[in-house]
Number of protein chains: 2
Amino acid sequence: MNWQKQLSDLGFRVSAPRKRVMAVLESAQQPLTPLELHQTLLRDHKAIGLASVYRTLGLLSALGIVEVVYRSKGEMGYMAAAQGHHHHILCQECQRAVEFSGLEDLSELIDHVENQTHYQVRDHLLQLYGLCPECQSKHADEKE
Amino acid sequence: MNWQKQLSDLGFRVSAPRKRVMAVLESAQQPLTPLELHQTLLRDHKAIGLASVYRTLGLLSALGIVEVVYRSKGEMGYMAAAQGHHHHILCQECQRAVEFSGLEDLSELIDHVENQTHYQVRDHLLQLYGLCPECQSKHADEKE
DNA sequence: AATCTTATTGATAATTAATTTCAATAAACA
DNA sequence: TGTTTATTGAAATTAATTATCAATAAGATT
């Protein structure tokens with residue numbers, strides 16, 4: 001189910017500003033802050049009010065259509081959410097983010113922690129940080 | 001090595017405001033935001049300027065003496081950092097946070113993701129969320 | 001296609017959070 | 001005990017987010 005149907009089925013309108021926000025997020029390679037998203041739209045002459053950017057991100061992330069990704073120093077960015085359970089790995093140089101699936105790999109860890117702490121685990125936050133293939137090549141080049 | 005020695009070895013001063021911030025963090029059971037920390041100190045008549053709270057948290061977290069923990073809705077809180085590599089599990093009801101170690105359990109996942117994405121993994125963010133033992137009991141009581 | 005209803009928008013104001021500035025203070029050391 | 005200077009507190013500044021409200025337009029109805 002696409003996000004437009006999801007919205008209208010719930011009685012929300014598929015407005016031009018919402019389409020514009022999703023268009024940017026769907027083509028972005030990296031998580032964007034509300035301010036960056038707003039700047040991007042202004043630069044592309046797709047006018048939108050800043051408040052609407054915040055409102056749209058709030059709504060769409062509440063519905064799971066977009067999701068929050070933590071960038072290096074604690075800034076929160078937004079990405080269009082893909083299907084199913086997944087996490088992100090971010091490049092520390094170019095900020096490019098890609099998804100990986102990893103629920104299976106965590107179940108062992110979670111069992112372990114439940115036994116260790118006696119907490120009941122219900123949710124988790126997992127992101128990896130590193131270097132994307134392109135930035136690895138650049139580093140290798142510089143050393144030559 | 002304690003944080004005071006660590007600071008002075010690096011040429012930083014062990015000032016009263018810094019001691020006060022650390023005292024609060026070391027006795028706290030949950031991550032505190034800068035504003036909460038400031039409120040706590042004011043309430044306890046341990047006067048401190050708000051700017052100094054921010055400055056102290058900035059310095060101490062840069063040195064690894066305190067660390068950032070993400071609370072439920074994306075707020076960042078600070079905790080006194082324990083020795084060695086570890087992560088946190090937070091109670092979604094009472095916010096109490098405890099540590100768990102889990103580097104070994106992740107190495108498999110990391111290998112997996114490196115192969116899958118061709119990123120080179122250098123760092124990670126992992127937190128679990130759930131119910132602490134006390135809050136589990138409360139829930140059980142309510143159902144009787 | 002024209003009309004109606006009302007969710008949504010944009011602009012602005014208000015609020016909240018974080019940072020900067022700078023004279024006064026107090027750690028650390030001689 | 002005095003000197004040096006990193007650090008502090010208070011206030012000003014900047015940045016980020018949320019609330020307000022009349023105007024607009026999405027979607028349903030005719």
# chains A, B, ... in the order shown; residues from 1 in each chain; ligands from 1
>>> residues_around(residues="Leu126 in chain A", least_positions_apart="3", cutoff="8 Å", atoms="only C-alpha atoms (C1' of nucleotides)", output="ChimeraX atom specification")
/A:87-88 /B:124-127
>>> write_last_selection(atoms="C-alpha atoms", output="PDB file, in the first residue's frame")
ATOM      1  CA  HIS A  87      17.621  -0.511  10.586  1.00  0.00           C
ATOM      2  CA  HIS A  88      20.028   1.934   9.058  1.00  0.00           C
TER       3      HIS A  88
ATOM      4  CA  HIS B 124      27.003   1.798  16.517  1.00  0.00           C
ATOM      5  CA  LEU B 125      24.054   2.991  18.521  1.00  0.00           C
ATOM      6  CA  LEU B 126      22.069   0.376  20.366  1.00  0.00           C
ATOM      7  CA  GLN B 127      19.459   0.830  23.034  1.00  0.00           C
TER       8      GLN B 127
END
>>> interface_residues(of="chain B", to="chain C", cutoff="12 Å", atoms="only C-alpha atoms (C1' of nucleotides)", output="list in words")
Ser8, Gly11, Phe12, Arg13, Val14, Ser15, Ala16, Pro17, Arg18, Thr33, Pro34, Leu35, Leu50, Ala51, Ser52, Val53, Tyr54, Arg55, Gly58 and Glu75 of chain B
>>> interface_residues(of="chain A", to="chain B", cutoff="6 Å", atoms="only C-alpha atoms", output="tab-separated table (two decimals) with C-alpha atoms, in the first residue's frame")
chain	number	residue	atom	x	y	z
A	105	ASP	CA	20.40	-11.38	14.70
A	109	LEU	CA	21.02	-10.56	22.20
A	118	HIS	CA	15.14	-8.89	34.11
A	119	TYR	CA	13.72	-6.15	31.96
A	120	GLN	CA	11.05	-7.17	29.46
A	121	VAL	CA	12.23	-5.95	26.06
A	122	ARG	CA	9.60	-4.41	23.82
A	123	ASP	CA	11.46	-2.21	21.38
A	124	HIS	CA	14.93	-1.22	20.31
A	125	LEU	CA	16.99	1.39	18.59
A	126	LEU	CA	19.85	0.18	16.45
A	127	GLN	CA	21.94	2.10	13.96
A	128	LEU	CA	25.39	1.47	12.59
A	129	TYR	CA	27.88	4.11	11.54
A	130	GLY	CA	30.83	3.77	9.25
A	131	LEU	CA	32.08	4.36	5.74
A	132	CYS	CA	30.13	3.68	2.57
A	133	PRO	CA	31.93	1.94	-0.32
>>> atom_distance(atom1="CA of Ser61 in chain A", atom2="CA of Asp44 in chain A")
23.5 Å
>>> closest_atom_pairs(of="chain D", to="chain A", cutoff="10 Å", atoms="only C-alpha atoms (C1' of nucleotides)", output="JSON lines")
{"residue": "D:DA16", "atom": "C1'", "partner": "A:Leu35", "partner_atom": "CA", "distance": 9.0}
{"residue": "D:DT17", "atom": "C1'", "partner": "A:Tyr54", "partner_atom": "CA", "distance": 8.2}
{"residue": "D:DT18", "atom": "C1'", "partner": "A:Ala51", "partner_atom": "CA", "distance": 8.4}
{"residue": "D:DA25", "atom": "C1'", "partner": "A:Ser15", "partner_atom": "CA", "distance": 8.6}
{"residue": "D:DA26", "atom": "C1'", "partner": "A:Arg13", "partner_atom": "CA", "distance": 6.3}
{"residue": "D:DG27", "atom": "C1'", "partner": "A:Arg13", "partner_atom": "CA", "distance": 7.9}
>>> write_last_selection(atoms="C-alpha atoms (C1' of nucleotides)", output="PDB file, in the first residue's frame")
ATOM      1  C1'  DA D  16      14.444  25.438  16.777  1.00  0.00           C
ATOM      2  C1'  DT D  17       9.742  24.215  17.484  1.00  0.00           C
ATOM      3  C1'  DT D  18       4.892  24.965  18.375  1.00  0.00           C
ATOM      4  C1'  DA D  25      -7.990  23.937  -1.492  1.00  0.00           C
ATOM      5  C1'  DA D  26      -8.900  18.665  -1.180  1.00  0.00           C
ATOM      6  C1'  DG D  27     -12.451  15.666  -1.518  1.00  0.00           C
TER       7       DG D  27
END
>>> select_by_dssp(residues="chain A", states="alpha helix (DSSP H)", output="ChimeraX atom specification")
/A:3-9,16-27,34-43,50-62,103-117,133-143
>>> select_by_dssp(residues="chain A", states="strand (DSSP E or B)", output="MDAnalysis selection string")
chainID A and resid 32 66:70 76:80 87:91 97:100 120:131
>>> closest_residue(among="A:Lys138, A:His85, A:Lys46, A:Lys19", to="Gly64 in chain A", atoms="only C-alpha atoms")
A:His85
>>> residues_around(residues="Ala47 in chain B", least_positions_apart="4", cutoff="10 Å", atoms="only C-alpha atoms (C1' of nucleotides)", output="ChimeraX atom specification")
/B:17,20,38-43 /D:9
>>> atom_distance(atom1="CA of Gln4 in chain A", atom2="C1' of DA28 in chain D")
17.4 Å
